[in-house]
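Here the structure comes first, spelled out in structure tokens, and everything after it is commentary.
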Amino acid sequence: MASVKTKVNLSCLPGDLRAAALDVAQRTRSAGGRALLVGGSVRDLLCGRRVKDVDVEVFGVAANDLRRILGEAYALDLVGLSFGVLKIQHLDIDISLPRRESKRGLGHKGFDIDSDPFLSIPEAASRRDFTVNAIYYDPLTDELIDPHGGAKDLERGVLRHVSDKFGEDPLRVLRGMQFVARFGLVPAPETVAVCRAVAPEGLPPERLFEEWAKLLVKGVQIRDGLEFLRSTGWVSYYPELARLIGCEQDPAWHPEGDVWSHTCHSLDAFARRRVGDRTEDLIVGLAVLCHDFGKPATTTRDPDGHIRSRGHDTAGVAPALSFLRRLTNEDRILREVPPLVEQHMQPFSLWRAHAGDAAVRRLSLKVGRLDRLLRVAHADDEGRPGALPGGTSGGKDLEWLAAAAERLRVAASAPKPILMGRDLIALGYRPSPQFGKWIAACFEAQLDGAFSDRDGALAYFKTIVR
């Protein structure tokens with residue numbers, strides 16, 4: 001078993017986590033055991049990345065003893081104690097005992113789990129997914145324990161599975177997808193082969209969604225993650241994506257190749273423009289991923305040889321929803337992503353038509369936030385490497401829409417009706433079904449620019465009820 005002295009940069013650990021990890025290790029050693037950092041925290045420390053949470057595995061101390069020792073100093077969350085897992089409250093530290101897992105059913109939960117504090121480190125490491133996540137670090141001795149060569153794989157930029165147990169948890173394939181995208185790792189051929197032999201086995205949508213979210217919110221080269229999905233054959237489980245492969249585009253506008261290639265390049269462009277807000281980045285990232293799902297059903301070749309995809313924006317809504325519903329039932333995602341897919345061509349269309357403020361307001365109403373649509377459109381435009389920057393507009397369409405959205409104050413939120421039911425009541429009207437019709441008529445006039453404040457709304461209302 002490889003064990004070497006090293007100098008891990010613990011400054012990448014926030015002070016409270018660093019102090020707690022050292023304290024847990026010292027308390028464990030006093031009880032005759034050994035507490036080792038493991039997993040993503042060690043991987044990130046070796047790469048000099050800032051660590052946000054820590055996993056600690058404790059050897060040589062029974063669960064109840066560990067609970068007693070740590071309970072003297074910390075408030076503990078004991079929900080996972082039956083599986084040998086403790087959490088320190090108010091700190092992002094998970095503490096677990098080594099465990100054996102026996103496959104008994106489908107999916108990532110189909111295991112019998114038995115914690116065993118006296119399991120050897122190599123055997124404990126063998127249940128982990130990738131070698132880069134199976135490196136242990138002793139913060140008291142500054143020693144790396146690396147039974148599967150993960151540090152060398154990390155140095156070489158290789159993603160390799162730990163053991164033949166890898167395929168027992170199909171979720172690991174999607175973890176591989178997002179690791180490749182986030183950390184610039186190249187999957188080992190044998191790992192790709194193992195993944196090709198693994199089926200999803202009815203994985204729960206919330207776990208699938210979390211891996212896709214990490215791909216989009218944290219991926220640096222998202223294209224590489226999708227290519228991993230393709231090389232492992234798992235793209236076939238997402239037919240909306242699989243249909244993009246080989247779907248032709250006119251090389252004059254898309255010299256990068258087929259729709260799959262364009263989508264991959266667009267996602268990398270999106271990654272370069274992330275804003276750091278998880279919700280916003282996730283919604284926009286999903287819209288970029290899905291934005292051309294309508295092309296396979298609408299792509300034709302004209303008699304002159306030009307390839308067209310007329311109406312692919314609106315045709316993309318149904319497959320986008322189909323894709324998203326297999327990942328999540330989160331209402332906000334299902335409600336806010338499809339309009340961005342449906343309207344992603346509108347910045348250019350409105351600019352070309354010399355549209356006025358009313359059209360911009362109505363577009364904002366359709367998509368909810370024009371700043372999101374502009375991010376999708378930028379990614380779409382930049383996902384055509386080798387093509388004329390900005391397409392036929394030279395990027396003027398996006399500049400025009402961004403300026404109009406700011407001027408009309410509809411960049412970050414859609415317009416809302418100024419005239420409300422309470423205003424009509426204040427004028428002496430009794431609530432009735434007519435209220436809705438009056439308010440809707442006034443809102444249409446508001447979108448057209450007939451008024452912009454409450455006084456104007458009331459004055460306009462009086463003109464329609466005479």
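Numbering starts fresh at 1 for the residues of each chain in the structure tokens, the chains themselves are lettered A, B, ... in the order given, and ligands are numbered from 1 as they appear.
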Excluding segment 11-24 of chain A and its own-chain neighbours fewer than 4 positions away, which residues fall within 9 Å of it when counting only C-alpha atoms? Please give them as a PyMOL selection string. chain A and resi 28-29+35-37+41+44-45+48-54+56+70+91-93+139-140
Which residue, A:Pro204, A:Val217, A:Tyr237, A:Leu350, has the smallest gap to Arg278 of chain A when you use only C-alpha atoms? A:Val217
Given only C-alpha atoms as the counted atoms, nearest of A:Leu229, A:Cys264, A:Met420, A:Leu185 to Phe461 of chain A: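 The shortest atom-to-atom distance to Phe461 of chain A comes from A:Met420.
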Give one line per residue of segment 259-281 of chain A that approaches segment 239-249 of chain A to at most 10 Å, naming the two atoms of the closest pair and their distance in Å to one decimal, counting only C-alpha atoms; sort by chain then ascending residue number and deliver it as CSV.
residue,atom,partner,partner_atom,distance
A:Val259,CA,A:Leu244,CA,5.2
A:Trp260,CA,A:Leu244,CA,4.7
A:Ser261,CA,A:Ile245,CA,7.8
A:His262,CA,A:Gln249,CA,9.2
A:Thr263,CA,A:Leu244,CA,8.4
